[in-house]
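Data block for final-v2.tsv (TSV, C-alpha atoms (C1' of nucleotides)):
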chain	number	residue	atom	x	y	z
A	213	MET	CA	17.44	-23.55	24.08
A	214	SER	CA	15.99	-20.08	24.03
A	215	LEU	CA	13.08	-19.01	26.16
A	216	GLU	CA	9.66	-18.70	24.61
A	217	THR	CA	7.69	-15.60	25.41
A	218	SER	CA	4.37	-14.14	24.35
A	219	ARG	CA	5.38	-10.58	25.24
A	220	LYS	CA	8.21	-8.39	24.03
A	221	ILE	CA	9.29	-4.79	24.41
A	222	PHE	CA	11.21	-2.97	21.70
A	223	ILE	CA	13.11	0.03	23.00
A	224	VAL	CA	12.88	2.61	20.27
A	225	GLY	CA	12.47	6.36	20.02
A	226	ASP	CA	10.81	8.43	17.32
A	227	TYR	CA	8.35	5.69	16.44
A	228	ASP	CA	4.73	6.69	15.90
A	229	LEU	CA	2.81	3.41	15.67
A	230	ALA	CA	-0.52	5.00	14.81
A	231	ALA	CA	0.94	7.02	11.96
A	232	THR	CA	2.89	4.03	10.70
A	233	LEU	CA	0.10	1.46	10.81
A	234	ASN	CA	-2.52	3.87	9.51
A	235	SER	CA	-0.67	5.48	6.63
A	236	GLY	CA	-1.91	3.28	3.83
A	237	GLN	CA	1.11	0.99	3.51
A	238	ALA	CA	-0.45	-2.07	5.20
A	239	PHE	CA	-4.13	-2.92	5.30
A	240	ARG	CA	-4.62	-5.52	8.01
A	241	TRP	CA	-4.11	-3.48	11.19
A	242	VAL	CA	-7.18	-2.96	13.34
A	243	GLU	CA	-7.27	-0.48	16.19
A	244	GLU	CA	-8.14	-2.25	19.44
A	245	GLY	CA	-8.34	-0.14	22.56
A	246	ASP	CA	-4.91	1.30	23.24
A	247	GLY	CA	-3.15	-0.59	20.45
A	248	TRP	CA	-3.38	-2.39	17.14
A	249	SER	CA	-3.67	-6.01	16.08
A	250	ALA	CA	-2.99	-7.89	12.85
A	251	VAL	CA	-1.50	-11.09	11.49
A	252	VAL	CA	2.18	-10.79	10.59
A	253	ASP	CA	4.27	-13.70	9.33
A	254	ASN	CA	1.40	-16.11	10.10
A	255	ARG	CA	1.20	-14.93	13.71
A	256	TRP	CA	-1.53	-12.94	15.40
A	257	VAL	CA	0.10	-9.95	17.09
A	258	PHE	CA	-0.99	-6.98	19.17
A	259	VAL	CA	1.23	-3.90	19.47
A	260	LYS	CA	0.93	-0.72	21.45
A	261	GLN	CA	2.91	2.41	22.04
A	262	ILE	CA	4.58	2.68	25.45
A	263	GLY	CA	6.90	5.27	26.93
A	264	LYS	CA	10.14	3.70	25.84
A	265	GLY	CA	8.97	2.24	22.57
A	266	ILE	CA	6.65	-0.57	21.54
A	267	GLU	CA	5.12	-3.44	23.48
A	268	ALA	CA	4.08	-6.53	21.52
A	269	ARG	CA	2.03	-9.60	22.42
A	270	VAL	CA	1.43	-12.75	20.38
A	271	ALA	CA	-1.15	-15.52	20.66
A	272	GLU	CA	1.41	-18.34	20.44
A	273	PRO	CA	4.69	-17.88	22.37
A	274	VAL	CA	7.84	-17.51	20.27
A	275	SER	CA	11.56	-17.76	21.02
A	276	ASP	CA	12.65	-15.41	18.27
A	277	TRP	CA	11.20	-11.96	17.64
A	278	ARG	CA	13.28	-11.00	14.61
A	279	TRP	CA	10.28	-11.41	12.28
A	280	LEU	CA	8.50	-8.57	14.06
A	281	GLU	CA	11.60	-6.47	14.57
A	282	GLU	CA	12.23	-6.63	10.83
A	283	TYR	CA	8.60	-5.96	9.92
A	284	LEU	CA	8.40	-2.90	12.17
A	285	GLN	CA	11.89	-1.75	11.14
A	286	VAL	CA	12.70	-0.73	14.71
A	287	GLY	CA	16.42	-0.79	13.97
A	288	VAL	CA	16.26	1.97	11.39
A	289	ASP	CA	17.90	5.30	12.24
A	290	ILE	CA	14.93	7.46	11.35
A	291	LYS	CA	16.78	10.72	11.94
A	292	ALA	CA	19.39	9.78	9.36
A	293	VAL	CA	16.57	9.08	6.92
A	294	THR	CA	14.67	12.33	7.43
A	295	ASP	CA	17.96	14.27	7.40
A	296	SER	CA	18.51	12.97	3.87
A	297	PHE	CA	15.30	14.60	2.63
A	298	PRO	CA	15.61	17.79	0.59
A	299	ASP	CA	15.85	20.85	2.80
A	300	ASP	CA	12.81	22.70	1.52
A	301	GLU	CA	9.66	24.05	3.15
A	302	PRO	CA	7.23	21.32	2.03
A	303	MET	CA	9.47	18.52	3.33
A	304	ARG	CA	10.17	20.36	6.59
A	305	GLU	CA	6.40	20.71	7.07
A	306	ALA	CA	5.79	17.06	6.27
A	307	VAL	CA	8.49	15.85	8.67
A	308	ARG	CA	7.10	18.10	11.39
A	309	ALA	CA	3.58	16.73	10.83
A	310	CYS	CA	4.56	13.06	10.64
A	311	ARG	CA	7.36	12.67	13.20
A	312	GLY	CA	7.87	9.01	14.02
A	313	LEU	CA	6.34	7.68	10.80
A	314	ARG	CA	8.20	4.58	9.58
A	315	LEU	CA	8.16	2.40	6.53
A	316	LEU	CA	7.35	-1.22	7.33
A	317	LEU	CA	9.09	-4.12	5.60
A	318	GLN	CA	6.25	-6.39	4.53
A	319	ASP	CA	5.80	-9.81	2.99
A	320	PRO	CA	6.21	-9.43	-0.79
A	321	TRP	CA	3.15	-11.39	-1.89
A	322	GLU	CA	0.78	-9.96	0.70
A	323	CYS	CA	1.95	-6.46	-0.13
A	324	LEU	CA	1.79	-6.86	-3.89
A	325	ALA	CA	-1.60	-8.60	-3.82
A	326	SER	CA	-3.04	-5.96	-1.52
A	327	PHE	CA	-1.94	-3.20	-3.85
A	328	ILE	CA	-3.34	-5.02	-6.88
A	329	LEU	CA	-6.66	-4.56	-5.06
A	330	SER	CA	-5.92	-0.92	-4.31
A	331	SER	CA	-6.50	0.52	-7.78
A	332	ASN	CA	-9.27	3.08	-7.82
A	333	LYS	CA	-10.29	2.23	-4.25
A	334	GLN	CA	-10.30	4.09	-0.96
A	335	ILE	CA	-8.10	2.76	1.84
A	336	THR	CA	-11.11	1.72	3.94
A	337	GLN	CA	-12.40	-0.34	1.04
A	338	ILE	CA	-9.01	-1.94	0.41
A	339	ARG	CA	-9.05	-3.04	4.05
A	340	GLN	CA	-12.45	-4.64	3.55
A	341	MET	CA	-11.41	-6.55	0.44
A	342	VAL	CA	-8.20	-7.79	2.10
A	343	ALA	CA	-10.11	-8.86	5.22
A	344	LEU	CA	-12.56	-10.84	3.09
A	345	ILE	CA	-9.97	-12.80	1.14
A	346	CYS	CA	-8.14	-13.60	4.38
A	347	GLU	CA	-11.32	-14.87	6.05
A	348	ARG	CA	-12.31	-16.95	3.05
A	349	PHE	CA	-8.96	-18.29	1.84
A	350	GLY	CA	-6.40	-17.70	4.60
A	351	GLU	CA	-5.14	-20.29	7.07
A	352	PRO	CA	-6.42	-19.88	10.63
A	353	VAL	CA	-3.54	-18.89	12.91
A	354	VAL	CA	-5.06	-18.95	16.39
A	355	SER	CA	-5.27	-22.41	17.96
A	356	GLY	CA	-7.89	-23.56	20.43
A	357	GLU	CA	-5.63	-23.38	23.47
A	358	SER	CA	-4.66	-19.77	23.03
A	359	ARG	CA	-8.14	-18.44	22.48
A	360	GLY	CA	-9.59	-16.12	25.05
A	361	GLN	CA	-6.67	-14.48	26.81
A	362	GLY	CA	-6.86	-11.18	24.98
A	363	CYS	CA	-6.66	-12.99	21.67
A	364	PRO	CA	-9.36	-13.02	19.05
A	365	ARG	CA	-11.74	-15.93	18.49
A	366	SER	CA	-10.23	-16.32	15.07
A	367	ALA	CA	-7.56	-14.79	12.90
A	368	PHE	CA	-6.41	-15.68	9.41
A	369	ALA	CA	-3.14	-15.44	7.54
A	370	PHE	CA	-3.03	-13.70	4.20
A	371	PRO	CA	-3.60	-16.48	1.62
A	372	SER	CA	-0.52	-17.57	-0.33
A	373	ALA	CA	-0.22	-17.09	-4.07
A	374	ALA	CA	-0.64	-20.85	-4.49
A	375	ARG	CA	-3.87	-20.81	-2.47
A	376	LEU	CA	-5.34	-17.90	-4.41
A	377	ALA	CA	-4.21	-19.47	-7.68
A	378	GLU	CA	-6.62	-22.35	-7.07
A	379	THR	CA	-9.64	-20.13	-6.40
A	380	SER	CA	-11.81	-18.74	-9.18
A	381	GLU	CA	-12.57	-15.33	-10.58
A	382	GLU	CA	-16.13	-15.75	-9.38
A	383	ALA	CA	-15.06	-16.57	-5.81
A	384	LEU	CA	-12.83	-13.52	-5.80
A	385	ARG	CA	-15.59	-11.30	-7.15
A	386	GLU	CA	-17.65	-12.40	-4.17
A	387	CYS	CA	-14.98	-10.71	-2.05
A	388	ARG	CA	-16.06	-7.46	-3.74
A	389	LEU	CA	-12.91	-7.20	-5.86
A	390	GLY	CA	-14.83	-6.15	-8.96
A	391	TYR	CA	-12.70	-5.90	-12.10
A	392	ARG	CA	-9.58	-6.54	-10.00
A	393	ALA	CA	-10.54	-10.21	-9.52
A	394	PRO	CA	-8.99	-11.50	-12.75
A	395	TYR	CA	-5.86	-9.41	-12.13
A	396	LEU	CA	-5.32	-10.96	-8.71
A	397	LEU	CA	-6.10	-14.47	-9.94
A	398	LYS	CA	-3.72	-14.31	-12.91
A	399	SER	CA	-0.97	-12.68	-10.88
A	400	ALA	CA	-1.36	-15.35	-8.18
A	401	ARG	CA	-0.96	-18.06	-10.82
A	402	MET	CA	2.15	-16.46	-12.29
A	403	VAL	CA	3.76	-16.06	-8.88
A	404	ALA	CA	2.79	-19.57	-7.81
A	405	GLU	CA	4.29	-20.95	-11.03
A	406	GLY	CA	7.51	-19.03	-10.43
A	407	GLU	CA	7.14	-16.91	-13.55
A	408	VAL	CA	7.84	-13.93	-11.36
A	409	GLU	CA	10.05	-14.60	-8.34
A	410	LEU	CA	8.89	-12.16	-5.71
A	411	ASP	CA	11.29	-13.49	-3.11
A	412	ARG	CA	14.25	-12.33	-5.22
A	413	MET	CA	12.97	-8.77	-5.26
A	414	ARG	CA	15.24	-7.70	-2.39
A	415	GLU	CA	18.38	-9.09	-3.99
A	416	MET	CA	17.70	-7.51	-7.36
A	417	GLY	CA	18.30	-3.90	-8.25
A	418	CYS	CA	15.32	-1.60	-8.08
A	419	GLY	CA	14.97	-1.21	-11.83
A	420	GLU	CA	15.39	-4.89	-12.56
A	421	ALA	CA	12.88	-5.86	-9.87
A	422	ARG	CA	10.41	-3.31	-11.25
A	423	GLU	CA	10.61	-4.85	-14.73
A	424	GLU	CA	9.74	-8.23	-13.24
A	425	LEU	CA	6.75	-6.85	-11.35
A	426	LEU	CA	5.44	-5.09	-14.44
A	427	LYS	CA	5.00	-8.49	-16.11
A	428	LEU	CA	2.06	-9.16	-13.80
A	429	PRO	CA	-1.47	-8.22	-14.90
A	430	GLY	CA	-2.95	-5.39	-12.88
A	431	VAL	CA	0.50	-4.14	-11.94
A	432	GLY	CA	1.56	-0.82	-13.42
A	433	ARG	CA	4.26	1.63	-12.40
A	434	LYS	CA	2.51	2.84	-9.26
A	435	ILE	CA	1.65	-0.56	-7.79
A	436	ALA	CA	5.05	-1.96	-8.71
A	437	ASP	CA	6.69	0.91	-6.85
A	438	CYS	CA	4.52	0.25	-3.79
A	439	ALA	CA	5.71	-3.36	-3.69
A	440	LEU	CA	9.32	-2.28	-4.24
A	441	LEU	CA	9.12	0.27	-1.45
A	442	PHE	CA	6.97	-1.49	1.16
A	443	ALA	CA	8.21	-5.07	0.67
A	444	GLY	CA	11.33	-4.96	-1.50
A	445	GLY	CA	13.39	-2.62	0.63
A	446	HIS	CA	13.96	-0.34	-2.36
A	447	GLN	CA	13.67	3.10	-0.81
A	448	GLU	CA	14.36	4.88	-4.06
A	449	ALA	CA	11.03	3.63	-5.42
A	450	PHE	CA	8.56	6.51	-5.48
A	451	PRO	CA	4.92	5.52	-6.06
A	452	ILE	CA	2.89	8.38	-7.51
A	453	ASP	CA	-0.81	8.10	-6.69
A	454	VAL	CA	-3.50	10.77	-6.79
A	455	TRP	CA	-2.42	12.23	-3.43
A	456	ILE	CA	1.25	12.45	-4.33
A	457	LEU	CA	0.33	13.84	-7.73
A	458	LYS	CA	-1.59	16.60	-5.99
A	459	ALA	CA	1.27	17.18	-3.54
A	460	LEU	CA	3.90	17.44	-6.26
A	461	LYS	CA	1.80	19.78	-8.37
A	462	GLU	CA	0.82	22.06	-5.52
A	463	LEU	CA	4.07	22.07	-3.57
A	464	TYR	CA	6.68	21.90	-6.32
A	465	PHE	CA	5.05	22.90	-9.61
A	466	ALA	CA	2.51	25.50	-8.54
A	467	ARG	CA	3.90	27.98	-11.07
A	468	LYS	CA	3.76	25.65	-14.03
A	469	ARG	CA	0.59	25.44	-16.07
A	470	LYS	CA	1.21	22.01	-17.47
A	471	VAL	CA	3.37	19.29	-16.02
A	472	THR	CA	3.62	16.03	-17.90
A	473	PRO	CA	3.53	12.73	-15.99
A	474	LYS	CA	6.95	11.92	-17.38
A	475	ARG	CA	8.39	15.14	-16.01
A	476	LEU	CA	6.93	14.42	-12.57
A	477	GLN	CA	8.29	10.89	-12.64
A	478	GLU	CA	11.78	12.18	-13.43
A	479	PHE	CA	11.56	14.83	-10.75
A	480	SER	CA	10.42	12.36	-8.10
A	481	MET	CA	13.30	10.00	-8.85
A	482	THR	CA	16.04	12.60	-8.70
A	483	TYR	CA	14.96	15.33	-6.31
A	484	PHE	CA	14.14	13.46	-3.10
A	485	GLY	CA	17.41	11.60	-2.62
A	486	PRO	CA	18.39	8.03	-1.72
A	487	HIS	CA	15.37	7.60	0.58
A	488	GLY	CA	12.95	9.21	-1.85
A	489	GLY	CA	10.29	6.61	-1.19
A	490	TYR	CA	10.44	7.44	2.49
A	491	ALA	CA	9.97	11.12	1.65
A	492	GLN	CA	7.02	10.11	-0.50
A	493	GLN	CA	5.37	8.38	2.48
A	494	TYR	CA	5.78	11.50	4.60
A	495	LEU	CA	4.20	13.62	1.87
A	496	PHE	CA	1.38	11.12	1.45
A	497	HIS	CA	0.49	11.02	5.14
A	498	TYR	CA	0.94	14.77	5.46
A	499	MET	CA	-1.53	15.45	2.64
A	500	ARG	CA	-4.08	13.01	4.02
A	501	LYS	CA	-3.85	14.45	7.52
A	502	GLN	CA	-4.47	17.92	6.18
A	503	ALA	CA	-7.44	16.79	4.14
A	504	GLY	CA	-8.89	15.02	7.16
A	505	ARG	CA	-8.87	18.23	9.14
A	506	ALA	CA	-10.70	20.20	6.48
B	158	DG	C1'	-27.92	11.41	-7.20
B	159	DT	C1'	-22.96	12.88	-7.80
B	160	DC	C1'	-18.20	12.47	-7.27
B	161	DC	C1'	-14.21	9.99	-6.56
B	162	DA	C1'	-11.08	6.47	-4.67
B	163	DG	C1'	-2.87	4.82	-2.91
B	164	DG	C1'	-4.76	2.75	-11.30
B	165	DA	C1'	-4.33	-0.36	-15.11
B	166	DC	C1'	-5.27	-0.99	-19.70
B	167	DC	C1'	-6.77	-0.09	-24.29
B	168	DT	C1'	-7.27	2.94	-28.12
B	169	DA	C1'	-6.55	6.93	-30.89
B	170	DG	C1'	-4.03	11.04	-31.87
C	157	DC	C1'	4.39	9.99	-25.16
C	158	DT	C1'	-0.16	12.06	-24.08
C	159	DA	C1'	-5.29	12.29	-23.62
C	160	DG	C1'	-9.57	10.11	-22.85
C	161	DG	C1'	-12.75	6.34	-21.82
C	162	DT	C1'	-13.73	2.11	-19.29
C	163	DC	C1'	-13.61	-1.06	-15.62
C	164	DA	C1'	-16.82	-2.71	-10.27
C	165	DT	C1'	-17.90	-1.14	-6.03
C	166	DG	C1'	-19.14	1.71	-2.33
C	167	DG	C1'	-17.60	5.64	0.90
C	168	DA	C1'	-18.27	10.56	1.46
Could the structure of this file be written out as C-alpha cells, please?
Amino acid sequence: MSLETSRKIFIVGDYDLAATLNSGQAFRWVEEGDGWSAVVDNRWVFVKQIGKGIEARVAEPVSDWRWLEEYLQVGVDIKAVTDSFPDDEPMREAVRACRGLRLLLQDPWECLASFILSSNKQITQIRQMVALICERFGEPVVSGESRGQGCPRSAFAFPSAARLAETSEEALRECRLGYRAPYLLKSARMVAEGEVELDRMREMGCGEAREELLKLPGVGRKIADCALLFAGGHQEAFPIDVWILKALKELYFARKRKVTPKRLQEFSMTYFGPHGGYAQQYLFHYMRKQAGRA
DNA sequence: GTCCAGGACCTAG
DNA sequence: CTAGGTCATGGA
C-alpha cells in the first residue's frame, strides 16, 4: 500500500515552467498567482516553480505521480537535447533566450483536437475555444469534498472523442469554433470508431503515424506534426506554422529570393537533427518573445 | 475599419 | 508542385 499525497516536489534543474506552459504547445494552463493550474489526465493540478524544481498540488490525493512526471517530462536530459541542435548563431540565440523550455508529452486526443481548432487562430483564442468545449462537454473532475482548499469551484476534463462524437456541429459552433466545427466533429467520430488509432501513435514510426493522422479532416501536415511532436513523442516532427516560416526565411534563407515550401520542409527535416522538433519549439518561442517586446 | 491569427482544402495553372 | 481564394471569429 503506497501513501496517498496531494503534494509532490520534482527535483529538476533547467526547467522553466512559464516558458513551457506558455509556449503554445498546450492550451489549458491558467496562470494563478505564483503558479499555473490545469486539468491533466482527468486531475486538477497546480504547479509552481521552486528553487530546486517544481512543486505540484492536486485536488484529489494520489499514490502515483508518474502521470504528471511523464506529462512534464522532468526526466529528460535537456542539455543533451539542446547540445544536439545545430551549432549556428540563430540556434545559439534561441537556446539562450529560452533556457529551461521543455516539450510536454500530452494526451493524444486532447492535443490533436486542440490543434484542429488552432488553424488560423491566435493562441489566446485557441485557449478560449478549448475552455468552452471542456466546460460544455467535459466531465467534472473536482468533487464536493475537495472544493475550497485552494482548489477551484469546478474544473472539467477535456471531452473524449466519443463524447464529442455525439455532439452536433451546431453545438460546437456555439463554442465559437467557426468552420472548424465540422472538422472536429468528423475527426472525433473517426477516432471514436477506431478508424484512426491515436493510442498507437507512439509505437508507430513517425512517417507511418503521420499518414494515419492525415486521414482525419482538418488535419494537414502542420497539425499532424504538432500531434506527433507534442503527444506522439516523435521529436523529429517539425511543424511549420507562420512563425516558423518567418524564422526559417529570415534566419536561414535571407539571401534567397524565393524558397518553395517543399524546400523548407526538406531543410527542416534534415538540418536540425534528431530532436528537430525540440529545436523548432525553441525557435517558435524565441520569435514570439522577440515580437512581444517590439 | 483593417489586418491577421501555431491552416486546411479546393481549384486552376 | 505551386499560387490564390475561401472558410468563421475576434484580438491587436
- chain A residues within 12 Å of chain B, counting all atoms listed in the file: which ones, as a PyMOL selection string? chain A and resi 235-239+326-338+391-392+395+426+428-439+450-457+492-493+496-497+500
Determine, for each residue of chain C having at least one atom at most 10 Å from an atom of chain A, the closest pair of atoms and their separation in Å to one decimal, counting only C-alpha atoms (C1' of nucleotides); order by chain and ascending number, as a Markdown table.
| residue | atom | partner | partner_atom | distance |
| --- | --- | --- | --- | --- |
| C:DC157 | C1' | A:Lys474 | CA | 8.4 |
| C:DT158 | C1' | A:Thr472 | CA | 8.3 |
| C:DC163 | C1' | A:Tyr391 | CA | 6.1 |
| C:DA164 | C1' | A:Gly390 | CA | 4.2 |
| C:DT165 | C1' | A:Gly390 | CA | 6.6 |
| C:DG166 | C1' | A:Gln337 | CA | 7.8 |
| C:DG167 | C1' | A:Gln334 | CA | 7.7 |
**OP:** Return the single residue from A:Leu215, A:Cys346, A:Leu440, A:Leu316 that is closest to Glu415 (chain A), with distances computed using all atoms listed in the file.
**Re:**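 Ranked by minimum distance to Glu415 (chain A), first place goes to A:Leu440.
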Please indicate the distance in Å from CA of Val408 (chain A) to CA of Leu324 (chain A), rounded to one decimal place.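 Calculated distance between CA of Val408 (chain A) and CA of Leu324 (chain A) is 11.9 Å.
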Taken to one decimal, the CA of Ser372 (chain A)-CA of Gly350 (chain A) distance is 7.7 Å
Using Å and a single decimal, report how far CA of Ile290 (chain A) sits from CA of Lys260 (chain A).
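Taking CA of Lys260 (chain A) as the start and CA of Ile290 (chain A) as the end point, the length is 19.1 Å.
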Axis-aligned box for region 496-505 of chain A, 4 Å per side, centre and edges in Å as AutoDock Vina command-line options:
--center_x -3.8 --center_y 14.6 --center_z 5.3 --size_x 18.3 --size_y 15.2 --size_z 15.7
Practice problem: Return the single residue from A:Pro486, A:Gly225, A:Pro394, A:Pro371 that is closest to Cys418 (chain A), with distances computed using only C-alpha atoms. | Solution: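 Selected residue with least distance to Cys418 (chain A): A:Pro486.
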| Do you know which residues are at most 10 Å from Gly312 (chain A) counting all atoms listed in the file, after dropping those on the same chain fewer than 4 positions away, and could you put them as a ChimeraX atom specification? | /A:225-232,290-291,307-308,494
query = Which one of A:Leu441, A:Arg339, A:Asp295, A:Gly362 sits closest to Gly245 (chain A) if you count all atoms listed in the file?
reply =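 Smallest separation from Gly245 (chain A) among the options: A:Gly362.
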Point to revise | Residues near Phe370 (chain A), cut-off 9 Å, only C-alpha atoms (C1' of nucleotides), skip fewer than 6 positions along chain, as a ChimeraX atom specification | key: /A:251-254,321-322,342-343,345-347,349-351
